[in-house]
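Enquirer: File follows, work_13.pdb with PDB, C-alpha atoms, pLDDT in the B column:
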ATOM      1  CA  MET A   1     107.728 171.561 -54.205  1.00 82.00           C
ATOM      2  CA  GLN A   2     108.851 174.461 -51.996  1.00 84.00           C
ATOM      3  CA  LEU A   3     105.266 175.737 -51.934  1.00 86.00           C
ATOM      4  CA  LEU A   4     104.071 172.355 -50.641  1.00 86.00           C
ATOM      5  CA  ILE A   5     106.723 172.354 -47.895  1.00 89.00           C
ATOM      6  CA  LEU A   6     105.788 175.909 -46.940  1.00 87.00           C
ATOM      7  CA  HIS A   7     102.127 174.909 -46.746  1.00 88.00           C
ATOM      8  CA  LEU A   8     102.973 171.855 -44.605  1.00 89.00           C
ATOM      9  CA  ASN A   9     105.120 173.931 -42.262  1.00 89.00           C
ATOM     10  CA  THR A  10     102.308 176.439 -41.835  1.00 91.00           C
ATOM     11  CA  SER A  11      99.850 173.654 -41.109  1.00 92.00           C
ATOM     12  CA  ILE A  12     102.216 172.033 -38.609  1.00 94.00           C
ATOM     13  CA  GLY A  13     102.776 175.408 -36.905  1.00 93.00           C
ATOM     14  CA  ARG A  14      99.013 175.939 -36.511  1.00 94.00           C
ATOM     15  CA  SER A  15      98.605 172.414 -35.165  1.00 95.00           C
ATOM     16  CA  LEU A  16     101.374 172.914 -32.618  1.00 95.00           C
ATOM     17  CA  GLU A  17      99.889 176.248 -31.560  1.00 95.00           C
ATOM     18  CA  ARG A  18      96.437 174.659 -31.167  1.00 96.00           C
ATOM     19  CA  ALA A  19      97.915 171.742 -29.198  1.00 96.00           C
ATOM     20  CA  ALA A  20      99.661 174.172 -26.831  1.00 97.00           C
ATOM     21  CA  GLN A  21      96.408 176.118 -26.391  1.00 97.00           C
ATOM     22  CA  LEU A  22      94.475 172.924 -25.625  1.00 97.00           C
ATOM     23  CA  GLN A  23      97.138 171.836 -23.150  1.00 97.00           C
ATOM     24  CA  ARG A  24      96.864 175.177 -21.313  1.00 97.00           C
ATOM     25  CA  GLN A  25      93.065 174.801 -21.170  1.00 97.00           C
ATOM     26  CA  ASN A  26      93.419 171.229 -19.926  1.00 97.00           C
ATOM     27  CA  ASP A  27      95.822 172.350 -17.201  1.00 96.00           C
ATOM     28  CA  ALA A  28      93.445 175.122 -16.099  1.00 96.00           C
ATOM     29  CA  LEU A  29      90.513 172.683 -15.990  1.00 96.00           C
ATOM     30  CA  SER A  30      92.554 170.180 -14.001  1.00 95.00           C
ATOM     31  CA  ILE A  31      93.304 172.866 -11.424  1.00 94.00           C
ATOM     32  CA  ALA A  32      89.609 173.807 -11.232  1.00 93.00           C
ATOM     33  CA  ILE A  33      88.613 170.164 -10.755  1.00 93.00           C
ATOM     34  CA  SER A  34      91.177 169.745  -7.983  1.00 91.00           C
ATOM     35  CA  GLU A  35      89.927 172.857  -6.196  1.00 89.00           C
ATOM     36  CA  GLU A  36      86.260 171.855  -6.470  1.00 89.00           C
ATOM     37  CA  SER A  37      87.000 168.290  -5.344  1.00 89.00           C
ATOM     38  CA  SER A  38      88.687 169.327  -2.112  1.00 89.00           C
ATOM     39  CA  ALA A  39      87.017 168.361   1.155  1.00 88.00           C
ATOM     40  CA  GLU A  40      86.502 172.030   2.031  1.00 89.00           C
ATOM     41  CA  ALA A  41      84.713 172.761  -1.241  1.00 90.00           C
ATOM     42  CA  VAL A  42      82.475 169.710  -0.886  1.00 89.00           C
ATOM     43  CA  GLU A  43      81.588 170.689   2.697  1.00 88.00           C
ATOM     44  CA  ARG A  44      80.884 174.278   1.615  1.00 90.00           C
ATOM     45  CA  ARG A  45      78.491 173.109  -1.108  1.00 90.00           C
ATOM     46  CA  GLY A  46      76.838 170.700   1.310  1.00 90.00           C
ATOM     47  CA  ARG A  47      76.257 173.453   3.882  1.00 89.00           C
ATOM     48  CA  ALA A  48      74.838 175.677   1.148  1.00 91.00           C
ATOM     49  CA  ALA A  49      72.399 172.860   0.314  1.00 90.00           C
ATOM     50  CA  GLY A  50      71.282 172.662   3.961  1.00 88.00           C
ATOM     51  CA  MET A  51      73.335 169.649   4.975  1.00 87.00           C
ATOM     52  CA  VAL A  52      75.153 169.396   8.282  1.00 84.00           C
ATOM     53  CA  SER A  53      78.387 167.652   9.163  1.00 83.00           C
ATOM     54  CA  VAL A  54      78.154 164.667  11.462  1.00 82.00           C
ATOM     55  CA  PRO A  55      81.014 164.310  13.928  1.00 83.00           C
ATOM     56  CA  PRO A  56      82.937 161.039  13.723  1.00 83.00           C
ATOM     57  CA  GLY A  57      81.242 158.319  15.739  1.00 84.00           C
ATOM     58  CA  GLU A  58      77.832 160.020  15.608  1.00 82.00           C
ATOM     59  CA  LEU A  59      76.641 158.331  12.424  1.00 81.00           C
ATOM     60  CA  HIS A  60      74.845 155.041  13.051  1.00 78.00           C
ATOM     61  CA  PHE A  61      73.070 152.682  10.675  1.00 77.00           C
ATOM     62  CA  LEU A  62      70.019 150.596  11.485  1.00 67.00           C
ATOM     63  CA  ARG A  63      69.838 146.951  10.586  1.00 69.00           C
ATOM     64  CA  GLY A  64      67.219 146.117   7.975  1.00 67.00           C
ATOM     65  CA  GLY A  65      64.233 143.929   8.739  1.00 67.00           C
ATOM     66  CA  VAL A  66      64.221 144.477  12.498  1.00 67.00           C
ATOM     67  CA  LYS A  67      60.780 145.243  13.917  1.00 72.00           C
ATOM     68  CA  GLY A  68      60.525 148.873  14.944  1.00 73.00           C
ATOM     69  CA  ASP A  69      63.247 150.168  12.605  1.00 74.00           C
ATOM     70  CA  LEU A  70      60.962 152.795  11.131  1.00 77.00           C
ATOM     71  CA  ALA A  71      60.018 154.154  14.547  1.00 79.00           C
ATOM     72  CA  ARG A  72      63.666 154.164  15.662  1.00 78.00           C
ATOM     73  CA  ALA A  73      64.703 155.908  12.459  1.00 78.00           C
ATOM     74  CA  GLU A  74      62.027 158.555  12.949  1.00 81.00           C
ATOM     75  CA  GLN A  75      63.055 159.067  16.572  1.00 81.00           C
ATOM     76  CA  SER A  76      66.718 159.330  15.614  1.00 78.00           C
ATOM     77  CA  LEU A  77      65.972 161.806  12.838  1.00 78.00           C
ATOM     78  CA  ALA A  78      63.753 163.879  15.123  1.00 79.00           C
ATOM     79  CA  SER A  79      66.515 164.065  17.747  1.00 77.00           C
ATOM     80  CA  ARG A  80      68.960 165.278  15.091  1.00 69.00           C
ATOM     81  CA  LEU A  81      66.494 167.994  14.061  1.00 65.00           C
ATOM     82  CA  VAL A  82      66.479 169.364  17.581  1.00 60.00           C
ATOM     83  CA  ALA A  83      70.275 169.543  17.469  1.00 55.00           C
ATOM     84  CA  HIS A  84      70.260 171.109  13.967  1.00 54.00           C
ATOM     85  CA  PRO A  85      66.963 173.034  13.606  1.00 53.00           C
ATOM     86  CA  GLY A  86      67.857 174.556  10.224  1.00 53.00           C
ATOM     87  CA  GLY A  87      67.314 171.342   8.264  1.00 52.00           C
ATOM     88  CA  ILE A  88      64.018 171.857   6.413  1.00 50.00           C
ATOM     89  CA  GLU A  89      64.758 168.922   4.113  1.00 54.00           C
ATOM     90  CA  ALA A  90      65.308 166.620   7.083  1.00 53.00           C
ATOM     91  CA  ARG A  91      61.994 167.734   8.581  1.00 53.00           C
ATOM     92  CA  SER A  92      60.262 166.808   5.343  1.00 58.00           C
ATOM     93  CA  GLN A  93      61.915 163.402   5.526  1.00 58.00           C
ATOM     94  CA  ALA A  94      60.722 162.964   9.117  1.00 57.00           C
ATOM     95  CA  ALA A  95      57.182 163.783   8.030  1.00 61.00           C
ATOM     96  CA  MET A  96      57.417 161.233   5.191  1.00 59.00           C
ATOM     97  CA  LEU A  97      58.669 158.599   7.644  1.00 60.00           C
ATOM     98  CA  SER A  98      55.746 159.337   9.939  1.00 60.00           C
ATOM     99  CA  GLN A  99      53.240 159.088   7.114  1.00 60.00           C
ATOM    100  CA  ALA A 100      54.755 155.821   5.919  1.00 60.00           C
ATOM    101  CA  GLN A 101      54.397 154.444   9.417  1.00 58.00           C
ATOM    102  CA  GLY A 102      50.847 155.770   9.734  1.00 57.00           C
ATOM    103  CA  SER A 103      51.491 158.150  12.619  1.00 50.00           C
ATOM    104  CA  SER A 104      51.315 161.922  12.743  1.00 48.00           C
ATOM    105  CA  PRO A 105      54.456 163.925  11.910  1.00 46.00           C
ATOM    106  CA  PRO A 106      56.557 165.282  14.779  1.00 47.00           C
ATOM    107  CA  PRO A 107      55.371 168.717  16.021  1.00 47.00           C
ATOM    108  CA  HIS A 108      58.441 170.551  14.638  1.00 46.00           C
ATOM    109  CA  SER A 109      57.609 169.217  11.142  1.00 41.00           C
ATOM    110  CA  ARG A 110      54.163 170.807  11.147  1.00 40.00           C
ATOM    111  CA  SER A 111      55.429 174.220  12.242  1.00 39.00           C
ATOM    112  CA  GLU A 112      57.812 174.485   9.265  1.00 40.00           C
ATOM    113  CA  SER A 113      55.552 172.990   6.589  1.00 40.00           C
ATOM    114  CA  GLY A 114      54.475 176.347   5.183  1.00 42.00           C
ATOM    115  CA  SER A 115      57.907 177.977   5.130  1.00 42.00           C
ATOM    116  CA  SER A 116      60.516 177.849   2.414  1.00 42.00           C
ATOM    117  CA  GLN A 117      64.161 178.770   2.254  1.00 42.00           C
ATOM    118  CA  GLY A 118      64.172 179.809  -1.383  1.00 43.00           C
ATOM    119  CA  GLY A 119      66.016 176.722  -2.600  1.00 43.00           C
ATOM    120  CA  GLY A 120      65.080 174.930  -5.729  1.00 40.00           C
TER     121      GLY A 120
END
Give the structure from the file, written as structure tokens.

Expert:
Amino acid sequence: MQLLILHLNTSIGRSLERAAQLQRQNDALSIAISEESSAEAVERRGRAAGMVSVPPGELHFLRGGVKGDLARAEQSLASRLVAHPGGIEARSQAAMLSQAQGSSPPPHSRSESGSSQGGG
């Protein structure tokens, strides 16, 4: 009987030790999630991916189904590219918009078509 109790105590001790270890890991992961979810971390990863921040009030949405939306969207995107010339991805999107509309891509899209920034 004493051997059984000793065995149970050992098993309980290991379980408590493992639970404490898992709790420490959980706490560390929670801290990491909080740090990576902060606005600064999200902005940093966005900039690294080639995205740019839009100042409040600068972001506008077009209404769907209005004649000329595609042309206005292309014009708006092209004007943003002039303000933020580092956006290769946005230039590709402008070229796709132009092709979908049946017009030629904006001149700044053609000049960057052969370059790459090493992303992937």

Enquirer: CA of Glu43 in chain A and CA of Ala78 in chain A, how far apart in Å?

Expert: 22.8 Å

Enquirer: How far is it from CA of Gln75 in chain A to CA of His60 in chain A, in Å with one decimal?

Expert: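 It comes out at 12.9 Å.
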
Enquirer: Please, what distance in Å, to one decimal, runs between CA of Ala49 in chain A and CA of Ile33 in chain A?

Expert: 19.8 Å

Enquirer: If the PyMOL selection byres ((chain A and resi 53) around 12) is run on the structure shown, which residues does it catch, given as a ChimeraX atom specification?

Expert: /A:39-40,42-52,54-59,80,83-84,87
